[in-house]
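Peer 1: Before I ask anything, let me first share the structure, which is written out below as structure tokens.
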Amino acid sequence: MIHVQIAKHLPKPLTLFFSSFSCSLEQQQIAVTSAVSILTNQRSKSRWNTLHSLYPNGFNPTDFSQITLHLNNKPHLALHFYQWTKSKSLCHHNLSSYSTIIHILARGRLYSHAYNTIRTALLSPETPVKLFEILVNSYRDCGSAPFVFDLLIEACLQSRKIEPSVEITRMLLSRGISPKVMTLNSLVSRVCGKLGVDVGYEIYREFFRLDEEKYDFSKRGFRVVNPNVHTFNTLMLCCYQNGLMEKVEEIWAEMCEMNCDPNAYSYSLLMTAFCEGGRMGDCEKMWKEMRKKEIEPDVVSYNTIIGGFCKIGDVGKAEEFFRDMGLVGIDATVSTYENLVKGYCNVDDVDSAVLVYKDMCRKDFRPDALTVDMVVRLLCDRGRVEEAMEFFKSGVGKFGLVPKEKSYEALIKGLCFEGKMGDALKLQAEMVGKGFEPNLNIYEGFIDGYIRQGNKEMAEALRKEMVQTHAELTD
């Protein structure tokens, strides 16, 4: 009897519930179908006004995804629909709706738009790993392309989300999917920059030389991505930037062991490491090997070896490579000229340094402040203060360089030695205006200048001021 009563009462509310639920789904489907029809059948000028009038409150993320899925073969139209909802604030997108449009854009090979949409999705409070999981779950339904995950990793790296990038890559590998070598190279570079070369090298070992215990090679379609020359160049550059010259050689040896052919930039990196240690014999050996393999040196290669010889004072050898550079049709850069100027300054050949400097300026290259400083000081040491002032003024006026303190010091002492105390005082005032305080050498320059003029009172006053200033600084 009780069962009969229950049976009598149950159908009515359940019928109403399912009827209501069915009606809601039916209405939703009608809305989706209608929106798709408007988007695909109406002209571009009228479709947006029609959509806005029929759906003034916009679309929820689920409806947006359903509509967009119907546009999977019309990626440009799907993109315009997405952009329209964003510009009119007609959809509060969540990771699910973002994932749908990302997949559709990736499927249509609209790389930059897919990437930018990922960047937008990463601004949400949800984690990048959550976005990855939703992209994985919706991948097949959207008929997406594998590089969508490369775009996600690149976007994370660009947003400085290094750790999530590493975590996402590990999860991809655990599913038998490997990102492209270019993506892994970017990842290794960013990890080296943020977490250090040692961690970056471990990541390289893990993601390129896959750990058999961690990753299953037997999965269907799994393909191990091998490192390329850019991978090793990335590692060598990171090692060099961190002063790990021996590690540069180790990476080079590893590259050779893996039968990966180096390119001109690879040789430049190794030669730069040799140059840092003054090992120009080894550097020339690599140069000859590069030429033997018919790898044409580029401007970086030439600048590297020219700078190396200038650093050890063999400017003649550097000039040989400079001339060879011109003969093969490679234009010199500002670095080429700066290397030669500094090289001549290092061997006290001021006339040659000046000639190269003037040639550099004629080619409208902008020297750095250190180059100007070296020429100015060398000219002052040779008693050519007026010429040094011209170099100084051209560097500050023409190129907008911020002078070095040593430049002011050399010029002020030179002017004082020549008895041009007024000019020296003006320059000293300019120096203070640039934030440099007079040091003991400048005081001594002024004192010596006033003594030469016979102005002992001023010299004595400056001497007392110098002693007091020095005492305050040491306290």
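Ordering of the structure tokens sets the chain letters (A, B, ...), residue numbers begin anew at 1 in every chain, and ligands are numbered from 1 in the order given.
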Compile the contact shell of range 365-376 of chain A as a PyMOL selection string: residues with an atom at most 7 Å away, counting only C-alpha atoms, same-chain residues fewer than 2 positions apart removed.

Peer 2: chain A and resi 334+338+342+345+360-361+363+378-380+388+391-392+395+399+401-404+407

Peer 1: Include all heavy atoms and write out the residues we just selected as a compact mmCIF listing (two decimals), in the first residue's frame.

Peer 2:
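The resulting file, part-v4.txt, is reproduced below:
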```txt
# COMPACT_ATOMS: atom_id res chain seq x y z
N VAL A 334 79.79 48.47 -35.04
CA VAL A 334 80.36 49.34 -34.00
C VAL A 334 81.28 48.54 -33.08
O VAL A 334 82.31 49.06 -32.62
CB VAL A 334 79.23 50.04 -33.21
CG1 VAL A 334 78.38 49.03 -32.45
CG2 VAL A 334 79.80 51.07 -32.25
N GLU A 338 85.11 49.44 -32.04
CA GLU A 338 85.42 49.64 -30.62
C GLU A 338 86.52 48.69 -30.17
O GLU A 338 87.39 49.07 -29.36
CB GLU A 338 84.16 49.44 -29.78
CG GLU A 338 83.20 50.61 -29.88
CD GLU A 338 81.99 50.46 -29.00
OE1 GLU A 338 81.70 49.32 -28.58
OE2 GLU A 338 81.34 51.47 -28.72
N LYS A 342 90.02 50.21 -28.65
CA LYS A 342 90.49 49.79 -27.32
C LYS A 342 91.82 49.04 -27.44
O LYS A 342 92.69 49.15 -26.56
CB LYS A 342 89.43 48.91 -26.65
CG LYS A 342 88.17 49.68 -26.28
CD LYS A 342 87.06 48.75 -25.80
CE LYS A 342 85.78 49.52 -25.54
NZ LYS A 342 84.66 48.64 -25.15
N CYS A 345 94.47 51.61 -27.86
CA CYS A 345 94.66 52.29 -26.57
C CYS A 345 95.47 51.42 -25.62
O CYS A 345 96.33 51.93 -24.87
CB CYS A 345 93.32 52.65 -25.95
SG CYS A 345 92.45 54.02 -26.75
N MET A 360 85.04 55.38 -37.41
CA MET A 360 83.81 54.87 -36.81
C MET A 360 82.73 55.95 -36.80
O MET A 360 81.56 55.67 -37.14
CB MET A 360 84.10 54.39 -35.38
CG MET A 360 82.87 53.94 -34.61
SD MET A 360 83.26 53.17 -33.01
CE MET A 360 84.12 54.51 -32.20
N CYS A 361 83.10 57.16 -36.43
CA CYS A 361 82.12 58.25 -36.37
C CYS A 361 81.63 58.63 -37.76
O CYS A 361 80.46 59.01 -37.94
CB CYS A 361 82.74 59.47 -35.68
SG CYS A 361 83.09 59.21 -33.92
N LYS A 363 81.06 56.68 -40.10
CA LYS A 363 80.06 55.67 -40.48
C LYS A 363 78.81 55.74 -39.60
O LYS A 363 77.96 54.86 -39.64
CB LYS A 363 80.69 54.27 -40.39
CG LYS A 363 81.81 54.05 -41.41
CD LYS A 363 82.36 52.64 -41.33
CE LYS A 363 83.51 52.44 -42.28
NZ LYS A 363 83.13 52.59 -43.70
N LEU A 378 94.04 58.66 -22.87
CA LEU A 378 95.31 58.46 -23.56
C LEU A 378 95.81 59.77 -24.17
O LEU A 378 97.01 60.07 -24.11
CB LEU A 378 95.14 57.40 -24.65
CG LEU A 378 96.42 56.89 -25.34
CD1 LEU A 378 97.41 56.36 -24.31
CD2 LEU A 378 96.09 55.81 -26.38
N LEU A 379 94.89 60.57 -24.71
CA LEU A 379 95.28 61.87 -25.27
C LEU A 379 95.79 62.80 -24.16
O LEU A 379 96.78 63.52 -24.35
CB LEU A 379 94.09 62.51 -25.99
CG LEU A 379 93.73 61.92 -27.35
CD1 LEU A 379 92.39 62.45 -27.82
CD2 LEU A 379 94.82 62.23 -28.38
N CYS A 380 95.12 62.78 -23.03
CA CYS A 380 95.57 63.62 -21.90
C CYS A 380 96.95 63.18 -21.41
O CYS A 380 97.80 64.01 -21.08
CB CYS A 380 94.56 63.56 -20.76
SG CYS A 380 93.01 64.44 -21.08
N ALA A 388 91.65 66.09 -26.68
CA ALA A 388 90.87 65.23 -25.78
C ALA A 388 89.53 65.89 -25.46
O ALA A 388 88.48 65.20 -25.39
CB ALA A 388 91.63 64.96 -24.50
N PHE A 391 87.12 65.32 -28.30
CA PHE A 391 86.54 63.97 -28.24
C PHE A 391 85.47 63.90 -27.16
O PHE A 391 84.39 63.32 -27.36
CB PHE A 391 87.64 62.95 -27.94
CG PHE A 391 88.29 62.39 -29.16
CD1 PHE A 391 89.37 63.03 -29.74
CD2 PHE A 391 87.81 61.24 -29.74
CE1 PHE A 391 89.98 62.53 -30.87
CE2 PHE A 391 88.41 60.71 -30.88
CZ PHE A 391 89.49 61.36 -31.44
N PHE A 392 85.76 64.49 -26.05
CA PHE A 392 84.84 64.47 -24.91
C PHE A 392 83.52 65.16 -25.27
O PHE A 392 82.43 64.62 -25.05
CB PHE A 392 85.50 65.16 -23.71
CG PHE A 392 84.66 65.18 -22.47
CD1 PHE A 392 84.60 64.07 -21.64
CD2 PHE A 392 83.92 66.31 -22.13
CE1 PHE A 392 83.84 64.09 -20.49
CE2 PHE A 392 83.16 66.33 -20.98
CZ PHE A 392 83.11 65.22 -20.16
N GLY A 395 81.46 63.22 -27.84
CA GLY A 395 80.81 62.05 -27.25
C GLY A 395 79.57 62.44 -26.46
O GLY A 395 78.53 61.78 -26.55
N PHE A 399 76.60 62.24 -29.35
CA PHE A 399 76.08 60.89 -29.10
C PHE A 399 75.28 60.77 -27.80
O PHE A 399 74.72 59.71 -27.51
CB PHE A 399 77.23 59.88 -29.09
CG PHE A 399 77.99 59.83 -30.38
CD1 PHE A 399 79.28 60.32 -30.46
CD2 PHE A 399 77.41 59.30 -31.51
CE1 PHE A 399 79.99 60.28 -31.65
CE2 PHE A 399 78.11 59.24 -32.71
CZ PHE A 399 79.41 59.75 -32.78
N LEU A 401 76.34 60.61 -24.73
CA LEU A 401 76.92 59.65 -23.79
C LEU A 401 77.02 60.26 -22.39
O LEU A 401 77.17 61.47 -22.23
CB LEU A 401 78.32 59.24 -24.25
CG LEU A 401 78.42 58.56 -25.62
CD1 LEU A 401 79.87 58.27 -25.96
CD2 LEU A 401 77.62 57.27 -25.64
N VAL A 402 76.93 59.41 -21.40
CA VAL A 402 77.15 59.83 -20.01
C VAL A 402 78.64 59.62 -19.72
O VAL A 402 79.12 58.49 -19.70
CB VAL A 402 76.30 59.01 -19.03
CG1 VAL A 402 76.59 59.44 -17.60
CG2 VAL A 402 74.81 59.16 -19.36
N PRO A 403 79.38 60.72 -19.50
CA PRO A 403 80.83 60.59 -19.33
C PRO A 403 81.21 59.77 -18.11
O PRO A 403 80.48 59.72 -17.12
CB PRO A 403 81.30 62.05 -19.17
CG PRO A 403 80.15 62.89 -19.63
CD PRO A 403 78.92 62.11 -19.37
N LYS A 404 82.39 59.16 -18.20
CA LYS A 404 82.93 58.44 -17.06
C LYS A 404 83.67 59.42 -16.13
O LYS A 404 84.17 60.45 -16.57
CB LYS A 404 83.91 57.36 -17.54
CG LYS A 404 83.30 56.30 -18.44
CD LYS A 404 82.39 55.37 -17.67
CE LYS A 404 81.86 54.26 -18.55
NZ LYS A 404 80.95 53.37 -17.83
N SER A 407 87.19 60.24 -17.17
CA SER A 407 87.34 61.23 -18.25
C SER A 407 87.43 62.62 -17.65
O SER A 407 88.29 63.43 -18.05
CB SER A 407 86.15 61.14 -19.21
OG SER A 407 86.12 59.92 -19.90
```

Peer 1: Return as a PyMOL selection string the full set of residues in range 21-138 of chain A whose backbone-based DSSP assignment is alpha helix (DSSP H).

Peer 2: chain A and resi 21-41+44-54+61-69+75-87+95-107+111-121+128-137

Peer 1: What would the file look like if the residues just selected were written as a compact mmCIF listing (two decimals), in the first residue's frame with C-alpha atoms?

Peer 2:
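Result file is selection_12.txt:
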```
# COMPACT_ATOMS: atom_id res chain seq x y z
CA PHE A 21 15.43 20.12 -17.77
CA SER A 22 14.64 18.92 -21.29
CA CYS A 23 13.07 22.26 -22.10
CA SER A 24 16.13 24.11 -20.83
CA LEU A 25 18.45 21.97 -22.94
CA GLU A 26 16.19 22.40 -25.93
CA GLN A 27 16.12 26.18 -25.49
CA GLN A 28 19.87 26.23 -25.14
CA GLN A 29 20.28 24.16 -28.29
CA ILE A 30 17.88 26.43 -30.18
CA ALA A 31 19.86 29.50 -29.04
CA VAL A 32 23.12 27.93 -30.14
CA THR A 33 21.73 26.82 -33.50
CA SER A 34 20.20 30.25 -34.09
CA ALA A 35 23.44 32.05 -33.28
CA VAL A 36 25.42 29.75 -35.57
CA SER A 37 22.91 30.34 -38.37
CA ILE A 38 23.20 34.10 -38.02
CA LEU A 39 27.00 33.95 -37.97
CA THR A 40 27.31 31.71 -41.00
CA ASN A 41 24.45 32.93 -43.18
CA SER A 44 29.23 40.59 -41.89
CA LYS A 45 27.71 44.06 -41.58
CA SER A 46 24.39 42.82 -40.24
CA ARG A 47 25.26 39.67 -38.30
CA TRP A 48 26.68 41.46 -35.27
CA ASN A 49 23.71 43.83 -34.87
CA THR A 50 21.31 40.91 -35.26
CA LEU A 51 23.17 38.86 -32.65
CA HIS A 52 23.25 41.78 -30.25
CA SER A 53 19.53 42.43 -30.60
CA LEU A 54 18.60 38.76 -30.13
CA PRO A 61 30.91 30.32 -21.54
CA THR A 62 29.20 26.99 -22.30
CA ASP A 63 27.04 28.50 -25.05
CA PHE A 64 30.06 30.32 -26.46
CA SER A 65 31.99 27.06 -26.64
CA GLN A 66 29.11 25.26 -28.35
CA ILE A 67 28.71 28.03 -30.92
CA THR A 68 32.45 28.15 -31.56
CA LEU A 69 32.63 24.37 -32.05
CA PRO A 75 38.52 29.83 -37.80
CA HIS A 76 38.48 33.47 -38.91
CA LEU A 77 34.76 33.73 -38.22
CA ALA A 78 35.27 32.05 -34.83
CA LEU A 79 38.02 34.58 -34.08
CA HIS A 80 35.75 37.50 -35.00
CA PHE A 81 32.99 36.08 -32.81
CA TYR A 82 35.39 35.77 -29.88
CA GLN A 83 36.74 39.29 -30.40
CA TRP A 84 33.18 40.64 -30.65
CA THR A 85 32.16 39.07 -27.33
CA LYS A 86 35.27 40.52 -25.72
CA SER A 87 34.82 44.03 -27.10
CA LEU A 95 39.22 28.63 -19.03
CA SER A 96 36.81 26.27 -20.81
CA SER A 97 35.63 28.88 -23.32
CA TYR A 98 39.17 30.13 -23.77
CA SER A 99 40.31 26.57 -24.44
CA THR A 100 37.69 26.08 -27.14
CA ILE A 101 38.64 29.18 -29.10
CA ILE A 102 42.35 28.45 -28.61
CA HIS A 103 41.90 25.00 -30.12
CA ILE A 104 39.85 26.33 -33.05
CA LEU A 105 42.48 28.96 -33.79
CA ALA A 106 45.26 26.38 -33.54
CA ARG A 107 43.32 24.01 -35.82
CA TYR A 111 49.29 30.90 -34.61
CA SER A 112 49.58 34.47 -33.37
CA HIS A 113 45.89 34.74 -32.45
CA ALA A 114 45.98 31.42 -30.61
CA TYR A 115 49.11 32.54 -28.75
CA ASN A 116 47.59 35.91 -27.79
CA THR A 117 44.43 34.21 -26.55
CA ILE A 118 46.52 31.92 -24.37
CA ARG A 119 48.27 34.98 -22.96
CA THR A 120 44.86 36.44 -22.12
CA ALA A 121 43.70 33.18 -20.51
CA PRO A 128 48.56 27.60 -16.07
CA VAL A 129 48.47 23.90 -15.17
CA LYS A 130 44.67 24.10 -14.89
CA LEU A 131 44.50 25.64 -18.36
CA PHE A 132 46.71 22.83 -19.63
CA GLU A 133 44.40 20.19 -18.15
CA ILE A 134 41.33 21.75 -19.79
CA LEU A 135 43.16 22.02 -23.11
CA VAL A 136 44.01 18.31 -22.86
CA ASN A 137 40.41 17.33 -22.07
```

Peer 1: Report as a list in words all protein, DNA and RNA residues lying within 8 Å of range 181-188 of chain A, evaluated on only C-alpha atoms, omitting residues in the same chain fewer than 2 positions from it.

Peer 2: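 Non-adjacent residues within range: Asp150, Ile153, Glu154, Leu157, Ile162, Ser165, Val166, Pro179, Arg190, Val191, Cys192, Gly200, Tyr201, Ile203, Tyr204, Phe207, Val225, Asn226, Pro227, Asn228, His230, Thr231, Thr234 and Leu235 of chain A.
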
Peer 1: For range 272-283 of chain A, please output as an NGL selection string all residues within 9 Å (counting only C-alpha atoms; exclusion window: fewer than 2 positions along the same chain).

Peer 2: :A and (240 or 243-246 or 248-249 or 267-270 or 285-288 or 301 or 304-305 or 307-309 or 311-312)

Peer 1: Kindly indicate which residue among A:Pro125, A:Gly445, A:Gly383, A:Gly316 lies nearest to Gln428 in chain A, using only C-alpha atoms for the distances.

Peer 2: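 Looking at the shortest contact to Gln428 in chain A, the residue is A:Gly445.
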